[in-house]
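Structure record follows, encoded as structure tokens.
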Amino acid sequence: MRLDRTHMGWMLGSVFYTAAATVVYVVYSITTPGGPKGDTWVGLAYGLIGFFLILFAGLLGARKKIVLARVGSLSWWMRGHLWLGMLSLPMILFHAAFAFGGPLTTVLMTLLFIIVISGIAGALLQHAIPGVMTAQVTEETTVEQIDRMFANLRREAFEVVWTACGDAPEADGERDAIKELIGDAPKKPKPANVIKFGEAEGQDQLQRFYRNTILPYLRKPRVIGSALASSTGATLTFDTVVVGLDPKLHEAVSCLAEICDETRQKVRQMHLHNILHGWLLLHIPLSMALMVLMVVHAVMALYY
Amino acid sequence: MARPYRDLWELFNLGYFRRRPPYRRAKRWLSFAAAAVAVAWVAAFAAMKSSALYNSGPMSVGHTVLIENCATCHDQSFRRLRFVDDNQKAGAMNHACLSCHANTIGQDPDTQSAWHQETDPDAPAVERTLACASCHVEHEGFQRLIDMNDHHCVQCHKDLPATIAPRVQGDPPFDGFISTFHGQSTDESVHPEFEIIREKRPDPGRLKFNHRRHLAPEKFGEADGLLSPDGHVQLQCDDCHRAGESNAPWRFARFAPHDDRRQPSTESEPQLQDRYMGSIDFATHCSACHPLLTGDRDDQLVGNDMVARGEVPHSTPAAIRTYLRGQLTAYINTTPHAGLPIPTAASRTPLPLIGDKPPKEVERLKLEWVQREIHVIERYLYERKDAGCLHCHESPPTSSSGLPEIVPPAIPSRWFTHATFSHEKHKALPRPTGATSGRENCISCHQQAEESIATADVLLPGIETCRTCHAPPRGSGADIQGGAAYRCVFCHTYHRPPPPDWLLGGEMARSNPTPRNDP
């Protein structure tokens with residue numbers, strides 16, 4: 001979600017209500033004998049407002065499950081989640097009079113801080129990363145398909161080398177592995193396209209390069225250490241290899257370079273995707289814990 | 001050679017949506033796990049029957065033992081929903097506080113709160129109740145709840161006229177805008193000078209006493225000190241004024257135990273006795289140098305266990321007359337010279353010539369002699385301005401009974417009637433440079449004592465003297481000053497101590513509470 005002009009109203013509203021709540025709190029804390037507390041009526045009002053703001057923010061998850069529900073667009077809920085969730089923090093701080101209190105309230109306050117901070121960080125990431133993705137990953141694909149795409153690229157590389165060298169590459173179980181991954185083994189190239197073994201100088205060298213350098217990288221593209229993991233390293237590597245090859249093989253080398261580049265983009269997309277969504281692994285579970293403990297706190301605080 | 005072509009359906013897994021991607025599965029499971037941990041945490045405390053989880057903050061020092069059991073104090077559930085008023089809500093816990101503390105503090109049985117604030121006695125008890133917790137705020141840290149911050153006092157005392165003036169007729173009997181102890185007394189918000197000094201009121205004592213004469217006799221031509229029966233002496237402050245326990249004997253006591261005998265300073269607050277100077281007592285402090293002589297009458301007034309020969313007891317005029325009558329009657333009845341005209345001093349009444357007169361006439365003559373002698377002695381005691389009783393005591397014109405009325409000395413033993421002060425604690429103060437005795441130590445605060453010549457002089461140190469130490473620290477190194485406590489409650493107690501029968505804790509005691517009297 002990008003932070004664009006559609007957020008202006010929400011932002012101004014949040015700032016206004018925070019300022020109003022601050023003014024009320026200052027007056028309340030000055031005029032209350034013994035200072036502000038969570039169990040006074042004003043303190044409880046802040047707590048109640050904070051409670052419902054957190055509850056509203058938590059309902060975003062439910063709203064996402066009901067895609068067709070006509071209760072506001074998903075983007076409206078998302079904006080509300082962002083700004084009202086942030087507004088809940090000052091409300092709860094005013095409710096608690098800026099004290100962490102006992103064990104339960106300390107945990108609650110800590111959770112709220114982590115959730116709000118992670119949420120703000122997430123919002124900023126979601127604003128920034130899509131632009132980075134567009135710039136850096138030209139071959140973007142559905143993230144759920146990336147592993148399949150890795151296998152596709154391995155199959156493609158296998159077939160390119162097969163076509164360029166006349167024989168299937170002697171790669172350790174690669175054909176079976178590909179078949180297992182995507183249910184379809186590499187296809188034998190059309191004879192018209194095949195450069196028979198011995199027709200071009202350097203076919204052995206190309207096969208070795210495939211076996212020793214390209215294949216390990218394509219099998220484990222996320223592992224750092226391969227020269228092909230960076231575009232600079234890949235360019236240097238391919239430029240070096242192509243020098244000793246017959247010009248007939250240059251096109252095959254170029255295809256392999258493209259395949260490696262595409263693999264790198266997929267890896268980059270995975271990284272960006274993890275950054276874009278990884279904070280949710282903290283944000284959402286802690287929100288669930290917050291909801292549970294918040295209800296317990298509300299009941300028990302009123303009880304005592 | 002181009003890259004091998006594939007149809008899209010060959011490239012993609014068309015059934016990918018049937019299975020959640022790993023990061024979504026992780027989100028779901030982590031969410032369930034977090035909620036489960038939260039529930040388990042709460043359940044664990046419930047299983048242990050501990051409510052410590054719901055503490056709203058660290059408990060105070062004395063209440064940490066209650067941390068596992070909130071219901072000890074919070075014994076009424078959902079008080080917030082039962083009481084609209086915050087004070088009433090907090091006040092509903094008062095009985096829980098008093099279930100332990102009732103025997104150590106005074107409290108109004110109607111409101112179950114402290115006697116302090118002036119409230120409308122006609123108002124319902126619930127409106128007059130002041131919650132213990134409004135000042136003794138629990139759950140704010142490991143601290144002592146009796147270490148009250150000034151803001152609890154200041155919330156009313158910074159503007160008392162507005163707070164209670166509607167209930168006060170005429171000029172309010174208080175200084176209305178106090179919010180701090182240290183500072184310049186001219187500032188309305190700073191504690192003013194002590195009232196007796198500020199209002200320039202005289203010492204209410206009625207005993208004529210010249211401190212300068214007693215403490216600095218060299219200024220009266222007695223360079224070696226006052227003349228006592230034991231020779232010249234230099235008086236020290238603690239020859240008359242002592243607080244707390246002391247094993248030192250009284251140097252000028254006669255017919256009184258020569259130990260640290262002191263009278264209670266205040267009858268209503270015996271537990272405060274050690275804080276204040278003991279009362280001045282003639283037998284203990286004065287009698288050695290100021291015997292109550294009657295002229296040359298050692299033969300007539302033989303004395304007894306408590307009165308020396310030739311003297312009268314230090315008592316009321318009526319008691320003195322009774323004593324004289326007894327002593328003189330015994331004398332006239334037993335003297336071997338009775339019946340003979342004997343030479344007498346000019347001030348003495350000649351003995352009656354009894355001769356062979358009939359017994360009735362003899363009795364009449366003896367009685368007449370006793371009466372006349374008593375009259376002479378009483379004139380000796382009561383009519384001399386520079387000696388006798390009037391040397392120290394005031395006496396209005398003779399009353400109808402014929403006996404003088406001696407004005408009670410009324411020496412205050414407690415000067416701060418709205419505050420407490422402990423001389424015992426101040427004994428520990430370092431003596432001024434060059435001081436060789438406790439006298440200099442006393443003078444360091446009571447600087448006027450050595451120069452005071454009139455009873456009306458108030459020798460109480462001004463508040464600035466207190467502020468020398470009772471103020472925030474200032475200066476550094478050896479020149480550091482201040483640093484002693486200066487909170488309101490350090491001097492002003494909020495609760496009145498309960499009467500002794502409260503300590504019994506019985507219902508009878510509860511039905512007869514101490515009368516309202518703000519400390």
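In the structure tokens, chains take letters A, B, ... by order of appearance, with residues numbered from 1 within each chain and ligands from 1 in the order shown.
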
| task | With a distance cut-off of 8 Å and only C-alpha atoms, select the neighbouring residues of Pro186 of chain A, excluding the residue or stretch itself and same-chain residues fewer than 2 positions from it, and output the selection as an NGL selection string. | result | :A and (155-156 or 158-159 or 175 or 178-179 or 184 or 188)

| message | I want to know what sits within 8 Å of Asp299 of chain B, based on only C-alpha atoms, with residues of the same chain fewer than 6 positions away left out; could you give that as a PyMOL selection string? | response | chain B and resi 309-310+331

| task | With a distance cut-off of 12 Å and only C-alpha atoms, select the neighbouring residues of Ala234 of chain A, excluding the residue or stretch itself and same-chain residues fewer than 3 positions from it, and output the selection as a PyMOL selection string. | result | chain A and resi 213-214+217+225-231+237-241+253-254+256-264

For the residues selected in the previous step, produce a file with N, CA and C atoms as a compact mmCIF listing (two decimals), in the first residue's frame.
# COMPACT_ATOMS: atom_id res chain seq x y z
N THR A 213 29.86 -24.71 -12.92
CA THR A 213 29.55 -23.34 -12.47
C THR A 213 28.06 -23.02 -12.53
N ILE A 214 27.48 -23.30 -13.69
CA ILE A 214 26.08 -22.89 -13.86
C ILE A 214 25.14 -23.78 -13.05
N TYR A 217 24.87 -23.22 -9.29
CA TYR A 217 24.18 -21.97 -8.98
C TYR A 217 22.67 -22.13 -9.19
N GLY A 225 27.82 -17.02 -2.62
CA GLY A 225 29.15 -17.59 -2.82
C GLY A 225 29.45 -17.86 -4.27
N SER A 226 28.42 -18.10 -5.05
CA SER A 226 28.65 -18.35 -6.46
C SER A 226 28.99 -17.05 -7.17
N ALA A 227 29.88 -17.18 -8.17
CA ALA A 227 30.24 -15.98 -8.95
C ALA A 227 29.05 -15.47 -9.73
N LEU A 228 28.10 -16.37 -9.98
CA LEU A 228 26.94 -15.98 -10.78
C LEU A 228 25.85 -15.30 -9.95
N ALA A 229 26.05 -15.22 -8.65
CA ALA A 229 25.01 -14.65 -7.79
C ALA A 229 24.93 -13.14 -7.95
N SER A 230 26.00 -12.54 -8.47
CA SER A 230 25.94 -11.09 -8.72
C SER A 230 26.07 -10.83 -10.21
N SER A 231 25.47 -9.76 -10.65
CA SER A 231 25.49 -9.48 -12.09
C SER A 231 26.90 -9.19 -12.56
N THR A 237 32.36 -13.70 -15.52
CA THR A 237 32.48 -15.13 -15.74
C THR A 237 32.14 -15.49 -17.19
N PHE A 238 31.01 -15.00 -17.64
CA PHE A 238 30.60 -15.34 -19.00
C PHE A 238 31.55 -14.75 -20.04
N ASP A 239 32.04 -13.53 -19.79
CA ASP A 239 32.99 -12.92 -20.74
C ASP A 239 34.27 -13.75 -20.82
N THR A 240 34.65 -14.31 -19.71
CA THR A 240 35.87 -15.11 -19.67
C THR A 240 35.67 -16.43 -20.43
N VAL A 241 34.51 -17.02 -20.20
CA VAL A 241 34.24 -18.32 -20.82
C VAL A 241 34.12 -18.20 -22.34
N VAL A 253 25.97 -19.42 -25.02
CA VAL A 253 26.49 -18.78 -23.80
C VAL A 253 25.62 -17.58 -23.41
N SER A 254 25.20 -16.85 -24.44
CA SER A 254 24.34 -15.70 -24.19
C SER A 254 23.02 -16.13 -23.56
N LEU A 256 22.56 -18.82 -21.74
CA LEU A 256 22.83 -19.23 -20.36
C LEU A 256 22.98 -18.00 -19.43
N ALA A 257 23.59 -16.95 -19.98
CA ALA A 257 23.74 -15.72 -19.19
C ALA A 257 22.37 -15.13 -18.86
N GLU A 258 21.47 -15.18 -19.86
CA GLU A 258 20.11 -14.66 -19.63
C GLU A 258 19.39 -15.48 -18.55
N ILE A 259 19.57 -16.80 -18.66
CA ILE A 259 18.92 -17.68 -17.67
C ILE A 259 19.44 -17.37 -16.26
N CYS A 260 20.74 -17.18 -16.14
CA CYS A 260 21.30 -16.86 -14.81
C CYS A 260 20.80 -15.50 -14.33
N ASP A 261 20.71 -14.55 -15.26
CA ASP A 261 20.21 -13.22 -14.88
C ASP A 261 18.77 -13.30 -14.38
N GLU A 262 17.98 -14.10 -15.10
CA GLU A 262 16.59 -14.26 -14.69
C GLU A 262 16.50 -14.94 -13.32
N THR A 263 17.39 -15.88 -13.11
CA THR A 263 17.41 -16.55 -11.80
C THR A 263 17.74 -15.55 -10.69
N ARG A 264 18.74 -14.70 -11.00
CA ARG A 264 19.11 -13.68 -10.00
C ARG A 264 17.92 -12.76 -9.69

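You will find atom CA of Asp479 of chain B at 27.1 Å from atom CA of Phe194 of chain B.
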
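Of the residues under consideration (A:Ala121, A:Leu280, A:Pro130, A:Trp10), A:Trp10 shows the shortest atom-to-atom contact distance to Trp77 of chain A when counting only C-alpha atoms.
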
Would you list the contacts of Glu174 of chain A as a compact mmCIF listing (two decimals) with N, CA and C atoms, in the first residue's frame, taking every protein, DNA or RNA residue within 12 Å and counting only C-alpha atoms, but skipping same-chain residues closer than 5 positions in sequence?
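selection_27.txt, written as the output of this step:
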# COMPACT_ATOMS: atom_id res chain seq x y z
N ALA A 151 13.01 -24.15 -11.39
CA ALA A 151 13.10 -25.46 -12.05
C ALA A 151 13.00 -25.30 -13.57
N ARG A 154 16.26 -24.18 -14.84
CA ARG A 154 17.22 -25.28 -14.87
C ARG A 154 16.99 -26.15 -16.11
N ARG A 155 15.73 -26.41 -16.39
CA ARG A 155 15.41 -27.22 -17.57
C ARG A 155 15.87 -26.51 -18.84
N GLU A 156 15.63 -25.22 -18.88
CA GLU A 156 15.99 -24.44 -20.06
C GLU A 156 17.51 -24.47 -20.29
N ALA A 157 18.26 -24.31 -19.17
CA ALA A 157 19.72 -24.32 -19.28
C ALA A 157 20.20 -25.69 -19.77
N PHE A 158 19.57 -26.74 -19.24
CA PHE A 158 19.93 -28.10 -19.65
C PHE A 158 19.74 -28.25 -21.17
N GLU A 159 18.60 -27.76 -21.65
CA GLU A 159 18.29 -27.91 -23.07
C GLU A 159 19.21 -27.07 -23.94
N ALA A 168 23.27 -34.74 -24.48
CA ALA A 168 22.74 -34.28 -23.19
C ALA A 168 23.90 -34.08 -22.23
N PRO A 169 23.89 -32.99 -21.50
CA PRO A 169 24.99 -32.73 -20.56
C PRO A 169 25.11 -33.86 -19.54
N LYS A 179 12.68 -33.51 -13.75
CA LYS A 179 11.42 -34.19 -13.96
C LYS A 179 10.63 -34.29 -12.65
N GLU A 180 11.36 -34.52 -11.60
CA GLU A 180 10.68 -34.62 -10.31
C GLU A 180 10.10 -33.28 -9.89
N LEU A 181 10.79 -32.22 -10.21
CA LEU A 181 10.35 -30.90 -9.76
C LEU A 181 9.14 -30.40 -10.54
N ALA A 185 10.50 -33.82 -18.03
CA ALA A 185 11.96 -33.84 -18.23
C ALA A 185 12.34 -32.93 -19.40
N PRO A 186 13.60 -32.50 -19.48
CA PRO A 186 14.05 -31.68 -20.64
C PRO A 186 13.82 -32.43 -21.95
N TYR A 210 29.07 -25.59 -17.67
CA TYR A 210 27.69 -25.83 -17.22
C TYR A 210 27.68 -26.66 -15.95
N ARG A 211 28.46 -27.78 -16.01
CA ARG A 211 28.45 -28.70 -14.86
C ARG A 211 29.02 -28.06 -13.58
N LEU A 215 25.33 -25.05 -13.15
CA LEU A 215 24.39 -25.97 -12.51
C LEU A 215 24.37 -25.80 -10.98
N PRO A 216 25.52 -25.74 -10.32
CA PRO A 216 25.46 -25.53 -8.86
C PRO A 216 24.69 -24.25 -8.48
N LEU A 218 22.28 -22.74 -10.31
CA LEU A 218 20.85 -22.88 -10.58
C LEU A 218 20.17 -23.81 -9.57
N ARG A 219 20.93 -24.80 -9.09
CA ARG A 219 20.34 -25.70 -8.10
C ARG A 219 20.12 -24.98 -6.75

Set out as JSON lines a contact list for chain A and chain B with a cut-off of 6 Å, giving each residue of chain A that qualifies its closest atom pair and distance in Å to one decimal, counting only C-alpha atoms, ordered by chain and rising residue number.
{"residue": "A:Gly101", "atom": "CA", "partner": "B:Gly57", "partner_atom": "CA", "distance": 4.0}
{"residue": "A:Gly102", "atom": "CA", "partner": "B:Gly57", "partner_atom": "CA", "distance": 4.0}
{"residue": "A:Pro103", "atom": "CA", "partner": "B:Leu53", "partner_atom": "CA", "distance": 5.5}
{"residue": "A:Leu104", "atom": "CA", "partner": "B:Leu53", "partner_atom": "CA", "distance": 5.6}
{"residue": "A:Glu251", "atom": "CA", "partner": "B:Met1", "partner_atom": "CA", "distance": 5.9}
{"residue": "A:Leu281", "atom": "CA", "partner": "B:Lys27", "partner_atom": "CA", "distance": 5.3}
{"residue": "A:Pro285", "atom": "CA", "partner": "B:Ser31", "partner_atom": "CA", "distance": 3.8}
{"residue": "A:Met288", "atom": "CA", "partner": "B:Ala35", "partner_atom": "CA", "distance": 5.5}
{"residue": "A:Ala289", "atom": "CA", "partner": "B:Ala35", "partner_atom": "CA", "distance": 4.5}
{"residue": "A:Leu302", "atom": "CA", "partner": "B:Phe78", "partner_atom": "CA", "distance": 5.3}
{"residue": "A:Tyr303", "atom": "CA", "partner": "B:Phe78", "partner_atom": "CA", "distance": 4.4}
{"residue": "A:Tyr304", "atom": "CA", "partner": "B:Ser77", "partner_atom": "CA", "distance": 5.5}

For the selection you just gave me, I'd like the residues written to a file as a JSON list (two decimals), in the first residue's frame, keeping N, CA and C atoms.
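Okay, this is what ended up in out_27.json:
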[["chain", "number", "residue", "atom", "x", "y", "z"],
["A", 101, "GLY", "N", 3.00, -0.06, 34.67],
["A", 101, "GLY", "CA", 2.20, -0.81, 35.64],
["A", 101, "GLY", "C", 2.79, -2.15, 36.02],
["A", 102, "GLY", "N", 1.90, -3.14, 36.16],
["A", 102, "GLY", "CA", 2.32, -4.46, 36.63],
["A", 102, "GLY", "C", 2.68, -5.40, 35.50],
["A", 103, "PRO", "N", 2.76, -6.70, 35.78],
["A", 103, "PRO", "CA", 3.22, -7.66, 34.77],
["A", 103, "PRO", "C", 2.35, -7.66, 33.51],
["A", 104, "LEU", "N", 1.05, -7.77, 33.71],
["A", 104, "LEU", "CA", 0.16, -7.87, 32.54],
["A", 104, "LEU", "C", 0.19, -6.58, 31.72],
["A", 251, "GLU", "N", 26.08, -17.88, -28.94],
["A", 251, "GLU", "CA", 24.65, -17.62, -28.70],
["A", 251, "GLU", "C", 24.15, -18.45, -27.52],
["A", 281, "LEU", "N", 5.23, -11.44, 10.25],
["A", 281, "LEU", "CA", 5.41, -12.59, 11.13],
["A", 281, "LEU", "C", 5.56, -12.15, 12.59],
["A", 285, "PRO", "N", 1.15, -12.13, 14.82],
["A", 285, "PRO", "CA", 1.07, -12.97, 16.03],
["A", 285, "PRO", "C", 1.03, -12.15, 17.31],
["A", 288, "MET", "N", -2.36, -10.82, 17.88],
["A", 288, "MET", "CA", -3.28, -11.83, 18.43],
["A", 288, "MET", "C", -3.11, -11.94, 19.95],
["A", 289, "ALA", "N", -1.86, -11.98, 20.37],
["A", 289, "ALA", "CA", -1.61, -12.05, 21.81],
["A", 289, "ALA", "C", -2.13, -10.80, 22.51],
["A", 302, "LEU", "N", -11.36, -4.05, 35.73],
["A", 302, "LEU", "CA", -12.67, -3.60, 36.24],
["A", 302, "LEU", "C", -13.07, -4.41, 37.46],
["A", 303, "TYR", "N", -12.72, -5.68, 37.48],
["A", 303, "TYR", "CA", -13.10, -6.54, 38.60],
["A", 303, "TYR", "C", -12.44, -6.06, 39.89],
["A", 304, "TYR", "N", -11.15, -5.73, 39.80],
["A", 304, "TYR", "CA", -10.44, -5.28, 41.00],
["A", 304, "TYR", "C", -10.57, -3.79, 41.18]]

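Residues with any atom within 12 Å of Cys389 of chain B, counting only C-alpha atoms and excluding same-chain neighbours fewer than 5 positions away, are B:Leu207, B:Lys208, B:Phe282, B:His290, B:Pro291, B:Leu292, B:Leu293, B:Thr294, B:Val312, B:Pro313, B:His314, B:Ser315, B:Thr316, B:Pro317, B:Ile320, B:Ile377, B:Glu378, B:Arg379, B:Tyr380, B:Leu381, B:Tyr382, B:Glu383, B:Arg384, B:Glu394, B:Ser395, B:Pro404, B:Glu405, B:Ile406, B:Val407.
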
| request: Quote the spacing between atom CA of Gly122 of chain A and atom CA of His277 of chain A in Å to one decimal place. | output: 7.8 Å

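Computed from the coordinates, the atom CA of Ile30 of chain A to atom CA of Ser189 of chain B distance equals 17.6 Å.
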
Might you pull out every residue within 12 Å of Trp76 of chain A, with only C-alpha atoms counted and same-chain residues fewer than 2 positions away left off, and present them as a tab-separated table (two decimals) with all heavy atoms, in the first residue's frame?
chain	number	residue	atom	x	y	z
A	1	MET	N	0.84	-1.19	0.00
A	1	MET	CA	0.00	0.00	0.00
A	1	MET	C	0.88	1.24	0.00
A	1	MET	O	1.72	1.40	0.88
A	1	MET	CB	-0.89	0.02	1.26
A	1	MET	CG	-1.80	1.20	1.31
A	1	MET	SD	-2.71	1.26	2.86
A	1	MET	CE	-1.40	1.35	4.05
A	6	THR	N	-4.56	9.69	-0.86
A	6	THR	CA	-5.78	9.12	-0.27
A	6	THR	C	-5.65	8.98	1.26
A	6	THR	O	-6.64	8.77	1.95
A	6	THR	CB	-6.09	7.74	-0.88
A	6	THR	OG1	-4.98	6.88	-0.61
A	6	THR	CG2	-6.32	7.82	-2.37
A	7	HIS	N	-4.43	9.09	1.76
A	7	HIS	CA	-4.22	8.98	3.21
A	7	HIS	C	-4.37	10.31	3.93
A	7	HIS	O	-4.37	10.35	5.16
A	7	HIS	CB	-2.81	8.43	3.49
A	7	HIS	CG	-2.67	6.97	3.20
A	7	HIS	ND1	-2.69	6.01	4.17
A	7	HIS	CD2	-2.53	6.31	2.02
A	7	HIS	CE1	-2.56	4.81	3.62
A	7	HIS	NE2	-2.46	4.98	2.30
A	9	GLY	N	-6.72	12.53	4.46
A	9	GLY	CA	-7.84	12.69	5.40
A	9	GLY	C	-7.63	11.90	6.68
A	9	GLY	O	-7.84	12.39	7.79
A	10	TRP	N	-7.20	10.68	6.50
A	10	TRP	CA	-6.95	9.83	7.67
A	10	TRP	C	-5.85	10.43	8.54
A	10	TRP	O	-5.95	10.45	9.77
A	10	TRP	CB	-6.54	8.42	7.23
A	10	TRP	CG	-7.66	7.62	6.67
A	10	TRP	CD1	-7.96	7.46	5.35
A	10	TRP	CD2	-8.61	6.86	7.40
A	10	TRP	NE1	-9.05	6.65	5.21
A	10	TRP	CE2	-9.47	6.25	6.46
A	10	TRP	CE3	-8.83	6.62	8.75
A	10	TRP	CZ2	-10.53	5.44	6.83
A	10	TRP	CZ3	-9.88	5.80	9.12
A	10	TRP	CH2	-10.72	5.22	8.16
A	57	ALA	N	-8.52	-2.07	14.22
A	57	ALA	CA	-7.32	-2.42	13.47
A	57	ALA	C	-7.23	-3.94	13.28
A	57	ALA	O	-6.86	-4.43	12.21
A	57	ALA	CB	-6.08	-1.90	14.19
A	60	LEU	N	-9.13	-5.87	10.37
A	60	LEU	CA	-8.65	-5.89	8.99
A	60	LEU	C	-8.45	-7.32	8.54
A	60	LEU	O	-8.78	-7.69	7.39
A	60	LEU	CB	-7.33	-5.11	8.89
A	60	LEU	CG	-6.67	-5.17	7.52
A	60	LEU	CD1	-7.49	-4.40	6.49
A	60	LEU	CD2	-5.25	-4.61	7.57
A	63	ARG	N	-11.69	-8.72	7.65
A	63	ARG	CA	-12.19	-8.12	6.40
A	63	ARG	C	-11.52	-8.75	5.18
A	63	ARG	O	-12.15	-8.92	4.13
A	63	ARG	CB	-11.96	-6.60	6.45
A	63	ARG	CG	-12.25	-5.85	5.16
A	63	ARG	CD	-13.73	-5.88	4.81
A	63	ARG	NE	-13.98	-5.26	3.53
A	63	ARG	CZ	-13.90	-5.88	2.36
A	63	ARG	NH1	-13.55	-7.17	2.32
A	63	ARG	NH2	-14.16	-5.25	1.24
A	64	LYS	N	-10.25	-9.08	5.33
A	64	LYS	CA	-9.53	-9.68	4.20
A	64	LYS	C	-10.09	-11.06	3.84
A	64	LYS	O	-10.02	-11.49	2.71
A	64	LYS	CB	-8.04	-9.81	4.53
A	64	LYS	CG	-7.27	-8.52	4.35
A	64	LYS	CD	-5.80	-8.76	4.66
A	64	LYS	CE	-4.98	-7.53	4.33
A	64	LYS	NZ	-3.58	-7.73	4.69
A	70	ARG	N	-19.55	-6.14	1.55
A	70	ARG	CA	-19.67	-4.71	1.21
A	70	ARG	C	-19.61	-3.87	2.48
A	70	ARG	O	-20.58	-3.24	2.87
A	70	ARG	CB	-20.97	-4.46	0.46
A	70	ARG	CG	-20.97	-5.14	-0.90
A	70	ARG	CD	-22.25	-4.84	-1.65
A	70	ARG	NE	-22.21	-5.42	-2.99
A	70	ARG	CZ	-23.21	-5.30	-3.86
A	70	ARG	NH1	-24.31	-4.66	-3.52
A	70	ARG	NH2	-23.11	-5.84	-5.05
A	71	VAL	N	-18.49	-3.90	3.12
A	71	VAL	CA	-18.31	-3.11	4.35
A	71	VAL	C	-17.08	-2.23	4.19
A	71	VAL	O	-16.22	-2.17	5.04
A	71	VAL	CB	-18.15	-4.02	5.59
A	71	VAL	CG1	-19.46	-4.57	6.05
A	71	VAL	CG2	-17.14	-5.13	5.32
A	72	GLY	N	-17.04	-1.54	3.09
A	72	GLY	CA	-15.90	-0.68	2.81
A	72	GLY	C	-14.87	-1.44	2.01
A	72	GLY	O	-14.72	-2.65	2.17
A	73	SER	N	-14.19	-0.69	1.16
A	73	SER	CA	-13.19	-1.35	0.32
A	73	SER	C	-12.02	-1.79	1.20
A	73	SER	O	-11.79	-1.27	2.29
A	73	SER	CB	-12.70	-0.38	-0.75
A	73	SER	OG	-11.99	0.66	-0.14
A	74	LEU	N	-11.28	-2.73	0.66
A	74	LEU	CA	-10.13	-3.24	1.40
A	74	LEU	C	-9.10	-2.13	1.63
A	74	LEU	O	-8.46	-2.05	2.69
A	74	LEU	CB	-9.50	-4.40	0.63
A	74	LEU	CG	-8.73	-5.42	1.48
A	74	LEU	CD1	-9.55	-5.93	2.64
A	74	LEU	CD2	-8.28	-6.57	0.60
A	78	MET	N	-7.61	-0.77	5.05
A	78	MET	CA	-6.15	-0.75	5.24
A	78	MET	C	-5.71	0.61	5.77
A	78	MET	O	-4.87	0.70	6.68
A	78	MET	CB	-5.48	-1.03	3.88
A	78	MET	CG	-4.04	-1.42	3.97
A	78	MET	SD	-3.88	-3.00	4.80
A	78	MET	CE	-2.23	-2.86	5.39
A	79	ARG	N	-6.28	1.67	5.20
A	79	ARG	CA	-5.92	3.00	5.67
A	79	ARG	C	-6.38	3.19	7.12
A	79	ARG	O	-5.67	3.77	7.94
A	79	ARG	CB	-6.54	4.07	4.76
A	79	ARG	CG	-5.85	4.19	3.40
A	79	ARG	CD	-6.30	5.41	2.64
A	79	ARG	NE	-7.66	5.28	2.14
A	79	ARG	CZ	-8.01	4.77	0.97
A	79	ARG	NH1	-7.06	4.36	0.15
A	79	ARG	NH2	-9.27	4.68	0.61
A	80	GLY	N	-7.58	2.72	7.39
A	80	GLY	CA	-8.08	2.81	8.76
A	80	GLY	C	-7.20	2.03	9.73
A	80	GLY	O	-6.89	2.48	10.82
A	81	HIS	N	-6.80	0.84	9.28
A	81	HIS	CA	-5.92	0.00	10.11
A	81	HIS	C	-4.65	0.76	10.46
A	81	HIS	O	-4.22	0.78	11.61
A	81	HIS	CB	-5.59	-1.28	9.33
A	81	HIS	CG	-4.58	-2.15	10.00
A	81	HIS	ND1	-4.92	-3.11	10.92
A	81	HIS	CD2	-3.23	-2.22	9.88
A	81	HIS	CE1	-3.84	-3.75	11.34
A	81	HIS	NE2	-2.78	-3.21	10.72
A	82	LEU	N	-4.09	1.39	9.44
A	82	LEU	CA	-2.82	2.09	9.63
A	82	LEU	C	-2.98	3.28	10.59
A	82	LEU	O	-2.28	3.38	11.59
A	82	LEU	CB	-2.29	2.55	8.27
A	82	LEU	CG	-1.03	3.39	8.29
A	82	LEU	CD1	0.13	2.59	8.84
A	82	LEU	CD2	-0.70	3.89	6.89
A	83	TRP	N	-3.91	4.15	10.30
A	83	TRP	CA	-3.97	5.41	11.04
A	83	TRP	C	-4.67	5.26	12.40
A	83	TRP	O	-4.24	5.84	13.38
A	83	TRP	CB	-4.67	6.49	10.20
A	83	TRP	CG	-3.81	6.85	9.03
A	83	TRP	CD1	-3.96	6.46	7.73
A	83	TRP	CD2	-2.60	7.62	9.06
A	83	TRP	NE1	-2.94	6.94	6.94
A	83	TRP	CE2	-2.09	7.67	7.75
A	83	TRP	CE3	-1.89	8.26	10.07
A	83	TRP	CZ2	-0.92	8.34	7.42
A	83	TRP	CZ3	-0.73	8.94	9.75
A	83	TRP	CH2	-0.25	8.98	8.44
A	84	LEU	N	-5.73	4.48	12.44
A	84	LEU	CA	-6.40	4.30	13.75
A	84	LEU	C	-5.55	3.42	14.66
A	84	LEU	O	-5.56	3.59	15.88
A	84	LEU	CB	-7.79	3.71	13.55
A	84	LEU	CG	-8.75	4.59	12.75
A	84	LEU	CD1	-10.14	3.99	12.73
A	84	LEU	CD2	-8.80	6.01	13.31

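Considering the residues B:Ile105, B:Ile67, B:Ile374, B:Met306 and counting only C-alpha atoms, Ala318 of chain B has its shortest atom-to-atom contact with B:Ile374.
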